[in-house]
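What follows is a single structure, written as structure tokens, with notes after it.
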Amino acid sequence: MSMLITDIGELVTCDETIDGAVEEPLHAGLGMLRDAAIVIAGGGEDAAPVIEWIGPAAQAPAADWAISLEGRAVVPGFVDSHSHLVFAGDRSSEFAARMSGTPYDGGGIAFSVEATRAATDDELRTLIAHRVAEMRAQGTTTVEIKSGYGLNVQDEARSVRLAREVTSEVTFLGAHVVPPDRRDEGGRAAYLDLVCGEMIQACAPYARWVDVFCEPSSPFAFDGEESRRVLEAGRAAGLELRVHGNQLSEGPGVQLAVELGAASVDHCTFLTDADVEALAGSKTVATLLPGVEFSTRQPYPDARRLLDAGVAVAIASDCNPGTCYSSSMPLMIALAVREMGMTPAEALRAATSGGAQALRRTDIGTVRVGQRADLAAIEAASWLHIPYRVGVPLVRAMEV
Ligand code: NIG
Ligand code: FE
């Protein structure tokens with residue numbers, strides 16, 4: 001079965017090579033077509049529908065079904081390449097304390113660990129499903145989900161197993177922090193042994209990625225050598241690498257991610273010139289998480305500095321109970337534009353093709369023939385309304 005989606009006022013493909021793209025500076029790099037149509041085909045139980053044809057609406061071929069978007073804009077579905085959706089418990093009071101001046105240090109993770117361990121599988125499933133639905137309702141079509149609130153073998157394995165029920169982009173983050181019940185003398189080393197041994201073995205079958213919170217300035221997170229050990233153990237277990245780095249202070253996270261060939265280093269809030277240089281000469285994406293700076297009152301990362309140096313940049317939500325309980329990629333785009341020096345076009349690309357690059361995926365993030373038909377429709381004639389009409393729920397993942 002094929003479907004024609006026509007009367008698209010603006011179709012942002014994020015494919016710079018597409019024929020007929022408008023050549024206006026505002027839309028630079030977006031491969032944007034006006035008055036466009038798409039034909040998609042396939043789908044069903046096992047396979048996602050794919051894009052078969054893209055072009056001017058007036059030249060669209062016939063299809064089994066047709067829908068008119070009546071002039072609305074369409075963008076690639078957002079690729080949210082960083083989230084922590086497997087958790088229970090409420091930390092809104094911690095947010096309130098931060099807004100009154102208490103700094104963030106990762107200590108609140110312990111609260112989420114306790115609540116997550118206490119939840120049943122079905123309670124966690126329901127929480128994850130609500131959060132994924134919330135994301136789709138705001139235009140996200142791919143989400144990466146990390147574990148990291150189990151922090152023992154059984155609850156980490158359960159977290160990646162439940163995440164795997166809703167996405168193929170599952171990340172093992174047993175090295176989120178040293179859990180509260182392991183913070184006594186010697187407990188830290190024993191916990192690292194557990195993470196790098198039994199825990200990785202139990203989680204690897206469900207995960208694609210391994211991640212570590214590399215932040216020597218936090219008493220709960222991991223230093224450079226500890227992080228290296230976790231990443232190398234993950235790689236030996238067949239996992240690909242991602243890193244939480246340079247969130248709270250300058251540190252070894254970025255350089256370690258580059259050295260080990262991680263797909264992405266996320267946060268990048270405090271960077272030295274050497275960090276920027278290392279990223280620029282690498283295949284590691286810098287994933288910026290502006291919702292975190294918004295919700296922790298930290299300074300925003302300098303996206304302009306990274307882009308001007310030639311670094312590949314993605315933006316993601318980091319949706320989690322501590323530093324940013326927002327699942328909204330449109331908000332992240334607006335913050336990136338308003339607070340991080342990105343143009344609207346750069347921010348949109350970072351949230352789509354940038355996210356795909358951070359996940360090393362070539363089948364999503366752009367609208368191209370042969371790619372998955374992951375699309376988001378906007379209740380407006382221009383995609384620019386995403387950052388322009390901040391806070392207004394205009395974007396939805398299309399059900400095709
Ligand atoms: O990405 N920094 C580490 N982990 C999360 C926050 C986790 C939490 O506070 O619950 C982050 O910001
Ligand atoms: Fe995170």
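By convention here, the chains of the structure tokens are called A, B, ... in the order presented, each chain's residues are numbered starting at 1, and ligands are numbered starting at 1 in the order presented.
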Close residues to ligand 2 using only C-alpha atoms and all ligand atoms, limit 12 Å, as a PyMOL selection string: chain A and resi 80-86+106+109+144-149+171-173+175-177+211-214+242-247+264-268+287-292+316-325
Quick one: write out the picked residues with C-alpha atoms as a PDB file, in the first residue's frame?
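As written to disk, selection.pdb reads:
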```
ATOM      1  CA  ASP A  80      15.993  12.645  20.730  1.00  0.00           C
ATOM      2  CA  SER A  81      19.359  10.992  21.213  1.00  0.00           C
ATOM      3  CA  HIS A  82      19.574  11.345  25.007  1.00  0.00           C
ATOM      4  CA  SER A  83      16.929  10.517  27.594  1.00  0.00           C
ATOM      5  CA  HIS A  84      16.519   8.661  30.881  1.00  0.00           C
ATOM      6  CA  LEU A  85      12.883   7.547  30.756  1.00  0.00           C
ATOM      7  CA  VAL A  86      13.086   4.500  33.054  1.00  0.00           C
ATOM      8  CA  GLY A 106      23.795  14.522  41.110  1.00  0.00           C
ATOM      9  CA  ILE A 109      19.758  10.433  41.730  1.00  0.00           C
ATOM     10  CA  GLU A 144      17.361   6.825  22.945  1.00  0.00           C
ATOM     11  CA  ILE A 145      16.705   5.600  26.494  1.00  0.00           C
ATOM     12  CA  LYS A 146      19.299   5.022  29.207  1.00  0.00           C
ATOM     13  CA  SER A 147      19.173   2.886  32.320  1.00  0.00           C
ATOM     14  CA  GLY A 148      20.867   4.299  35.396  1.00  0.00           C
ATOM     15  CA  TYR A 149      18.233   4.338  38.141  1.00  0.00           C
ATOM     16  CA  THR A 171      21.973   2.593  26.617  1.00  0.00           C
ATOM     17  CA  PHE A 172      23.422   0.831  29.642  1.00  0.00           C
ATOM     18  CA  LEU A 173      24.264   3.484  32.250  1.00  0.00           C
ATOM     19  CA  ALA A 175      27.932   3.891  35.783  1.00  0.00           C
ATOM     20  CA  HIS A 176      25.520   6.754  36.397  1.00  0.00           C
ATOM     21  CA  VAL A 177      26.642   7.239  39.998  1.00  0.00           C
ATOM     22  CA  ASP A 211      27.504   5.385  28.777  1.00  0.00           C
ATOM     23  CA  VAL A 212      29.200   6.781  31.888  1.00  0.00           C
ATOM     24  CA  PHE A 213      28.711   9.956  33.938  1.00  0.00           C
ATOM     25  CA  CYS A 214      32.296  11.231  33.729  1.00  0.00           C
ATOM     26  CA  ARG A 242      28.551   7.460  24.531  1.00  0.00           C
ATOM     27  CA  VAL A 243      29.686   9.701  27.386  1.00  0.00           C
ATOM     28  CA  HIS A 244      28.118  12.218  29.788  1.00  0.00           C
ATOM     29  CA  GLY A 245      30.967  14.728  29.950  1.00  0.00           C
ATOM     30  CA  ASN A 246      31.849  18.263  31.025  1.00  0.00           C
ATOM     31  CA  GLN A 247      28.399  18.922  32.504  1.00  0.00           C
ATOM     32  CA  SER A 264      28.647  11.291  21.140  1.00  0.00           C
ATOM     33  CA  VAL A 265      29.707  13.231  24.199  1.00  0.00           C
ATOM     34  CA  ASP A 266      26.741  14.831  25.858  1.00  0.00           C
ATOM     35  CA  HIS A 267      26.338  18.072  27.847  1.00  0.00           C
ATOM     36  CA  CYS A 268      29.637  19.822  26.818  1.00  0.00           C
ATOM     37  CA  THR A 287      25.231  16.676  22.020  1.00  0.00           C
ATOM     38  CA  LEU A 288      23.931  19.753  23.801  1.00  0.00           C
ATOM     39  CA  LEU A 289      21.080  19.500  26.312  1.00  0.00           C
ATOM     40  CA  PRO A 290      19.759  23.025  26.873  1.00  0.00           C
ATOM     41  CA  GLY A 291      16.827  21.856  29.009  1.00  0.00           C
ATOM     42  CA  VAL A 292      19.417  20.923  31.651  1.00  0.00           C
ATOM     43  CA  ALA A 316      18.464  16.415  22.782  1.00  0.00           C
ATOM     44  CA  SER A 317      16.098  16.636  25.740  1.00  0.00           C
ATOM     45  CA  ASP A 318      17.946  14.574  28.405  1.00  0.00           C
ATOM     46  CA  CYS A 319      14.443  13.992  29.762  1.00  0.00           C
ATOM     47  CA  ASN A 320      15.106  12.773  33.332  1.00  0.00           C
ATOM     48  CA  PRO A 321      13.719  13.367  36.817  1.00  0.00           C
ATOM     49  CA  GLY A 322      16.653  15.453  38.040  1.00  0.00           C
ATOM     50  CA  THR A 323      18.198  17.939  35.674  1.00  0.00           C
ATOM     51  CA  CYS A 324      15.407  18.303  33.092  1.00  0.00           C
ATOM     52  CA  TYR A 325      11.979  16.744  33.287  1.00  0.00           C
TER      53      TYR A 325
END
```
Shell around A:Asp7 at 12 Å using only C-alpha atoms, local window under 3 positions removed, as number ranges by chain: A: 4, 10-11, 33-38, 55-60, 66-74, 377, 381
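Using only C-alpha atoms, the shortest contact distance between A:Ile200 and any of A:Gly234, A:Gly391, A:Gly20, A:Pro252 is found at A:Gly234.
With distances restricted to only C-alpha atoms, A:Leu256 is the closest residue to A:Ala278 from A:Val79, A:Leu256, A:Ile364, A:Ile8.
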A:Arg360 surroundings by only C-alpha atoms, 10 Å radius, close-in-sequence under 2 positions cut, as a VMD selection string: chain A and resid 240 263 to 264 284 to 285 354 to 358 362 to 364
Store the residues of this selection in a file with N, CA, C and O atoms, as a PDB file, in the first residue's frame.
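What follows is the written file selection.pdb:
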```pdb
ATOM      1  N   GLU A 240      28.522  -0.025  21.845  1.00  0.00           N
ATOM      2  CA  GLU A 240      29.136   1.200  21.305  1.00  0.00           C
ATOM      3  C   GLU A 240      29.090   2.280  22.399  1.00  0.00           C
ATOM      4  O   GLU A 240      28.310   2.184  23.335  1.00  0.00           O
ATOM      5  N   ALA A 263      30.419   7.722  19.912  1.00  0.00           N
ATOM      6  CA  ALA A 263      29.537   8.351  18.926  1.00  0.00           C
ATOM      7  C   ALA A 263      29.192   9.771  19.351  1.00  0.00           C
ATOM      8  O   ALA A 263      29.012  10.650  18.507  1.00  0.00           O
ATOM      9  N   SER A 264      29.102   9.988  20.661  1.00  0.00           N
ATOM     10  CA  SER A 264      28.647  11.291  21.140  1.00  0.00           C
ATOM     11  C   SER A 264      29.167  11.553  22.539  1.00  0.00           C
ATOM     12  O   SER A 264      29.328  10.626  23.336  1.00  0.00           O
ATOM     13  N   THR A 284      33.192  12.315  16.755  1.00  0.00           N
ATOM     14  CA  THR A 284      32.319  12.342  17.937  1.00  0.00           C
ATOM     15  C   THR A 284      31.424  13.581  17.886  1.00  0.00           C
ATOM     16  O   THR A 284      31.915  14.695  17.717  1.00  0.00           O
ATOM     17  N   VAL A 285      30.130  13.363  18.028  1.00  0.00           N
ATOM     18  CA  VAL A 285      29.168  14.471  18.013  1.00  0.00           C
ATOM     19  C   VAL A 285      29.114  15.101  19.400  1.00  0.00           C
ATOM     20  O   VAL A 285      29.146  14.390  20.411  1.00  0.00           O
ATOM     21  N   GLY A 354      21.267  15.879  13.186  1.00  0.00           N
ATOM     22  CA  GLY A 354      22.322  15.849  14.210  1.00  0.00           C
ATOM     23  C   GLY A 354      22.099  14.706  15.188  1.00  0.00           C
ATOM     24  O   GLY A 354      23.032  13.984  15.547  1.00  0.00           O
ATOM     25  N   GLY A 355      20.850  14.524  15.604  1.00  0.00           N
ATOM     26  CA  GLY A 355      20.525  13.420  16.515  1.00  0.00           C
ATOM     27  C   GLY A 355      20.799  12.075  15.860  1.00  0.00           C
ATOM     28  O   GLY A 355      21.308  11.145  16.500  1.00  0.00           O
ATOM     29  N   ALA A 356      20.457  11.974  14.569  1.00  0.00           N
ATOM     30  CA  ALA A 356      20.712  10.718  13.845  1.00  0.00           C
ATOM     31  C   ALA A 356      22.209  10.425  13.816  1.00  0.00           C
ATOM     32  O   ALA A 356      22.641   9.278  14.021  1.00  0.00           O
ATOM     33  N   GLN A 357      23.009  11.466  13.581  1.00  0.00           N
ATOM     34  CA  GLN A 357      24.467  11.283  13.558  1.00  0.00           C
ATOM     35  C   GLN A 357      24.980  10.847  14.936  1.00  0.00           C
ATOM     36  O   GLN A 357      25.860   9.993  15.044  1.00  0.00           O
ATOM     37  N   ALA A 358      24.398  11.435  15.979  1.00  0.00           N
ATOM     38  CA  ALA A 358      24.819  11.074  17.340  1.00  0.00           C
ATOM     39  C   ALA A 358      24.474   9.620  17.664  1.00  0.00           C
ATOM     40  O   ALA A 358      25.070   9.018  18.555  1.00  0.00           O
ATOM     41  N   THR A 362      21.659   6.114   9.712  1.00  0.00           N
ATOM     42  CA  THR A 362      21.556   6.763   8.398  1.00  0.00           C
ATOM     43  C   THR A 362      20.150   6.620   7.814  1.00  0.00           C
ATOM     44  O   THR A 362      19.876   7.119   6.725  1.00  0.00           O
ATOM     45  N   ASP A 363      19.245   5.955   8.545  1.00  0.00           N
ATOM     46  CA  ASP A 363      17.889   5.728   8.017  1.00  0.00           C
ATOM     47  C   ASP A 363      16.861   6.705   8.574  1.00  0.00           C
ATOM     48  O   ASP A 363      15.674   6.600   8.255  1.00  0.00           O
ATOM     49  N   ILE A 364      17.303   7.633   9.412  1.00  0.00           N
ATOM     50  CA  ILE A 364      16.385   8.591  10.047  1.00  0.00           C
ATOM     51  C   ILE A 364      17.038   9.979  10.060  1.00  0.00           C
ATOM     52  O   ILE A 364      18.205  10.123   9.708  1.00  0.00           O
TER      53      ILE A 364
END
```
Surrounding residues of A:Pro216 excluding itself and chain neighbours under 6 positions, 9 Å, only C-alpha atoms, as an MDAnalysis selection string: chainID A and resid 222:224 249 251:252
Would you output that residue set with all heavy atoms, as a CSV table (one decimal), in the first residue's frame?
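Written output follows (selection-v5.csv):
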```
chain,number,residue,atom,x,y,z
A,222,PHE,N,32.0,9.6,38.1
A,222,PHE,CA,33.2,8.9,37.9
A,222,PHE,C,34.3,9.8,37.3
A,222,PHE,O,34.0,10.7,36.5
A,222,PHE,CB,32.9,7.7,37.0
A,222,PHE,CG,31.9,6.8,37.6
A,222,PHE,CD1,30.6,6.9,37.4
A,222,PHE,CD2,32.3,5.8,38.6
A,222,PHE,CE1,29.6,6.1,38.0
A,222,PHE,CE2,31.4,5.0,39.2
A,222,PHE,CZ,30.0,5.2,38.9
A,223,ASP,N,35.6,9.5,37.6
A,223,ASP,CA,36.7,10.3,37.1
A,223,ASP,C,37.1,9.7,35.7
A,223,ASP,O,36.5,8.7,35.3
A,223,ASP,CB,37.8,10.4,38.1
A,223,ASP,CG,38.6,9.0,38.3
A,223,ASP,OD1,38.5,8.1,37.5
A,223,ASP,OD2,39.2,8.9,39.4
A,224,GLY,N,38.2,10.2,35.1
A,224,GLY,CA,38.6,9.8,33.8
A,224,GLY,C,39.0,8.4,33.7
A,224,GLY,O,38.6,7.7,32.8
A,249,SER,N,31.6,20.9,35.2
A,249,SER,CA,32.9,21.6,35.2
A,249,SER,C,33.8,21.1,34.0
A,249,SER,O,33.4,20.1,33.4
A,249,SER,CB,33.7,21.3,36.5
A,249,SER,OG,33.9,19.9,36.6
A,251,GLY,N,36.7,19.0,32.4
A,251,GLY,CA,37.1,17.7,32.9
A,251,GLY,C,37.5,16.8,31.7
A,251,GLY,O,37.6,17.2,30.6
A,252,PRO,N,37.8,15.5,32.0
A,252,PRO,CA,38.4,14.6,31.0
A,252,PRO,C,37.3,14.0,30.0
A,252,PRO,O,37.7,13.3,29.1
A,252,PRO,CB,39.0,13.5,31.8
A,252,PRO,CG,38.2,13.5,33.1
A,252,PRO,CD,37.7,14.9,33.3
```
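If only C-alpha atoms are the atoms counted, then among A:Met99, A:Ala274, A:Val254, A:Val395 the closest residue to A:Glu293 is A:Met99.
Near A:Arg158, within a cut-off of 10 Å and counting only C-alpha atoms, sit the residues Val86, Arg117, Asp121, Leu124, Ser147, Gly150, Asn152, Val153, Gln154, Asp155, Glu156, Val160, Arg161, Leu162, Ala163, Arg164, Ala202, Cys203 and Tyr206 of chain A, with same-chain residues fewer than 2 positions away left out.
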A:Ala63, A:Ile315, A:Val178, A:Met32 ranked by distance to A:Gly107, top pick (using only C-alpha atoms):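 Going through A:Ala63, A:Ile315, A:Val178, A:Met32 one by one, the smallest distance to A:Gly107 is for A:Val178.
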Counting only C-alpha atoms, the residue of A:Tyr191, A:Trp209, A:Tyr300, A:Trp53 that sits nearest A:Glu232: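 Under the stated criterion, the closest residue is A:Trp209.
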Test item: residues at most 8 Å from A:Met329, only C-alpha atoms, excluding those fewer than 3 positions along its chain, as number ranges by chain: A: 78, 80, 135, 138-140, 316-317, 332-333, 351
Filtered DSSP result for stretch 110-311 of chain A, state strand (DSSP E or B), as a PyMOL selection string: chain A and resi 140-143+145-146+170-175+209-214+222+240-245+264-267+285-288
I need the residues from that last selection saved to file as a JSON list (two decimals), in the first residue's frame (with C-alpha atoms), if you can.
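Okay, selection_14.json is ready:
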```json
[["chain", "number", "residue", "atom", "x", "y", "z"],
["A", 140, "THR", "CA", 9.83, 12.98, 18.36],
["A", 141, "THR", "CA", 9.96, 9.78, 16.30],
["A", 142, "THR", "CA", 13.19, 8.21, 17.64],
["A", 143, "VAL", "CA", 14.26, 8.17, 21.25],
["A", 145, "ILE", "CA", 16.71, 5.60, 26.49],
["A", 146, "LYS", "CA", 19.30, 5.02, 29.21],
["A", 170, "VAL", "CA", 19.02, 1.47, 24.52],
["A", 171, "THR", "CA", 21.97, 2.59, 26.62],
["A", 172, "PHE", "CA", 23.42, 0.83, 29.64],
["A", 173, "LEU", "CA", 24.26, 3.48, 32.25],
["A", 174, "GLY", "CA", 25.10, 1.38, 35.29],
["A", 175, "ALA", "CA", 27.93, 3.89, 35.78],
["A", 209, "TRP", "CA", 25.28, 1.53, 23.89],
["A", 210, "VAL", "CA", 27.31, 1.98, 27.07],
["A", 211, "ASP", "CA", 27.50, 5.38, 28.78],
["A", 212, "VAL", "CA", 29.20, 6.78, 31.89],
["A", 213, "PHE", "CA", 28.71, 9.96, 33.94],
["A", 214, "CYS", "CA", 32.30, 11.23, 33.73],
["A", 222, "PHE", "CA", 33.25, 8.90, 37.90],
["A", 240, "GLU", "CA", 29.14, 1.20, 21.30],
["A", 241, "LEU", "CA", 30.16, 4.23, 23.33],
["A", 242, "ARG", "CA", 28.55, 7.46, 24.53],
["A", 243, "VAL", "CA", 29.69, 9.70, 27.39],
["A", 244, "HIS", "CA", 28.12, 12.22, 29.79],
["A", 245, "GLY", "CA", 30.97, 14.73, 29.95],
["A", 264, "SER", "CA", 28.65, 11.29, 21.14],
["A", 265, "VAL", "CA", 29.71, 13.23, 24.20],
["A", 266, "ASP", "CA", 26.74, 14.83, 25.86],
["A", 267, "HIS", "CA", 26.34, 18.07, 27.85],
["A", 285, "VAL", "CA", 29.17, 14.47, 18.01],
["A", 286, "ALA", "CA", 28.77, 17.13, 20.72],
["A", 287, "THR", "CA", 25.23, 16.68, 22.02],
["A", 288, "LEU", "CA", 23.93, 19.75, 23.80]]
```
Filtered DSSP result for stretch 105-331 of chain A, state helix (DSSP H, G or I), as a ChimeraX atom specification: /A:109-118,121-136,153-164,180-182,187-206,224-236,253-260,273-280,290-296,303-308,329-331
Best match for closeness to ligand 1 among A:Val195, A:Leu394, A:Leu127, A:Ala221, counting only C-alpha atoms and all ligand atoms: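 Of A:Val195, A:Leu394, A:Leu127, A:Ala221, the one nearest ligand 1 is A:Ala221, counting only C-alpha atoms and all ligand atoms.
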Atomic separation - atom CA of A:Ala119 relative to atom CA of A:Glu134, Å: 20.7 Å
Between atom CA of A:Arg361 and atom CA of A:His385 - distance in Å to one decimal: 27.0 Å
Å distance separating atom CA of A:Ile54 from atom CA of A:Arg368, one decimal place: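 A separation of 7.5 Å between them.
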